[in-house]
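Notes follow the structure.
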Amino acid sequence: EDMTPLVSPSPMFWSFLVVIGAARGLSSPRRRLAWVPNALTVGRVAAVPVVTGAVAADHMALARTAFVVASLTDFFDGYLARRWRVESALGSFLDPVADKLMVAATLVALTGKHGGAVGAATAVIVSREIAVSALREWAAEKGQRDLVKVGAAGKLKTTTQFLAVLLLLFEGPSRLTLAFLAVAALLTLQSGALLFHQGRPLFSFFKEADR
């Protein structure tokens with residue numbers, strides 16, 4: 001069987017690790033390496049078809065490796081941007097998008113592999129992400145994007161989602177994994193409800209009701 005489509009992207013991941021290793025100890029790259037954090041974020045997006053394709057083809061070792069490396073970029077892109085003081089509007093936009101794509105796409109692929117045991121939580125998580133994305137688009141349209149910005153609940157939700165997906169990739173739908181996935185789904189709902197509560201001023205019918 002031809003493995004080229006699945007194996008060929010792997011040098012990209014090693015290149016990210018090389019960049020990170022070479023960047024250690026550099027305290028003021030500023031303009032010279034300002035592109036690195038965003039490149040890591042884009043690399044996380046590029047890893048999505050690798051992970052999902054590997055799951056679909058039942059090459060779980062590749063799926064695990066790609067997901068773990070992509071998860072590491074989620075830490076390093078923000079860390080390097082803050083350390084080097086090269087935060088950008090593009091990076092702030094791409095980072096949560098990359099997280100959502102990675103989690104949602106991988107969960108959908110794992111639902112195809114494991115069925116309904118994973119499907120219910122996947123539906124909750126994907127639905128919430130779509131609803132919140134629509135809310136943020138509406139907030140931006142109203143010029144009030146900061147009203148629904150990412151907070152501590154959202155960061156906890158994302159971390160829990162990544163851990164749940166990692167458990168699914170390594171352990172399959174065990175009782176522990178499904179319990180952790182259920183917690184991730186509940187935190188996803190809770191953080192979404194919080195954002196919609198914060199966004200009440202965006203909707204005129206809520207303003208009328210609050211009078």
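Order determines the names: the first chain of the structure tokens is A, the second B, and so forth; residues in each chain are numbered 1 upward, and ligands are numbered 1 upward as they are shown.
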Counting only C-alpha atoms, what are the residues of range 46-146 of chain A within 9 Å of range 169-188 of chain A, and for each of them which pair of atoms is the nearest and at what distance in Å, to one decimal? Sort the table by chain and rising number, as a Markdown table.
| residue | atom | partner | partner_atom | distance |
| --- | --- | --- | --- | --- |
| A:Val55 | CA | A:Leu169 | CA | 8.6 |
| A:Met60 | CA | A:Leu169 | CA | 7.1 |
| A:Ala61 | CA | A:Phe170 | CA | 8.8 |
| A:Ala63 | CA | A:Leu169 | CA | 7.5 |
| A:Arg64 | CA | A:Leu169 | CA | 6.1 |
| A:Phe67 | CA | A:Leu169 | CA | 8.8 |
| A:Leu110 | CA | A:Leu169 | CA | 8.1 |
| A:His114 | CA | A:Pro173 | CA | 7.2 |
| A:Ala117 | CA | A:Pro173 | CA | 7.0 |
| A:Val118 | CA | A:Pro173 | CA | 7.3 |
| A:Ala121 | CA | A:Ala185 | CA | 5.6 |
| A:Thr122 | CA | A:Ala185 | CA | 7.8 |
| A:Val124 | CA | A:Ala185 | CA | 6.3 |
| A:Ile125 | CA | A:Ala185 | CA | 5.8 |
| A:Arg128 | CA | A:Thr188 | CA | 7.0 |
| A:Glu129 | CA | A:Thr188 | CA | 8.4 |
Practice task
Using DSSP on the backbone coordinates, identify all residues within range 1-210 of chain A classified as alpha helix (DSSP H); present the result as an NGL selection string.
Solution key: :A and (4-7 or 10-23 or 36-56 or 60-84 or 89-114 or 116-141 or 152-171 or 175-198 or 204-210)
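Going from CA of Arg200 in chain A to CA of Ile130 in chain A covers 17.7 Å.
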Exercise for the section: Rank A:Thr65, A:Val103, A:Trp35, A:Gly53 by their smallest atom-to-atom distance to Leu163 in chain A, using only C-alpha atoms, and report the top residue only. Expected result: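 That would be A:Val103, the residue with the smallest distance to Leu163 in chain A.
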Practice task
To one decimal in Å, tell me the separation between CA of Val97 in chain A and CA of Thr41 in chain A.
Solution key: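 Spanning CA of Val97 in chain A to CA of Thr41 in chain A is a straight-line distance of 9.3 Å.
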Practice task
Measure the distance from CA of Thr159 in chain A to CA of Gly143 in chain A in Å and round it to one decimal.
Solution key: 28.6 Å
Practice task
Find, counting only C-alpha atoms, the residue in A:Leu62, A:Leu167, A:Leu90, A:Leu33 that gets nearest to Leu107 in chain A.
Solution key: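 When distances to Leu107 in chain A are compared using only C-alpha atoms, the smallest one comes from A:Leu167.
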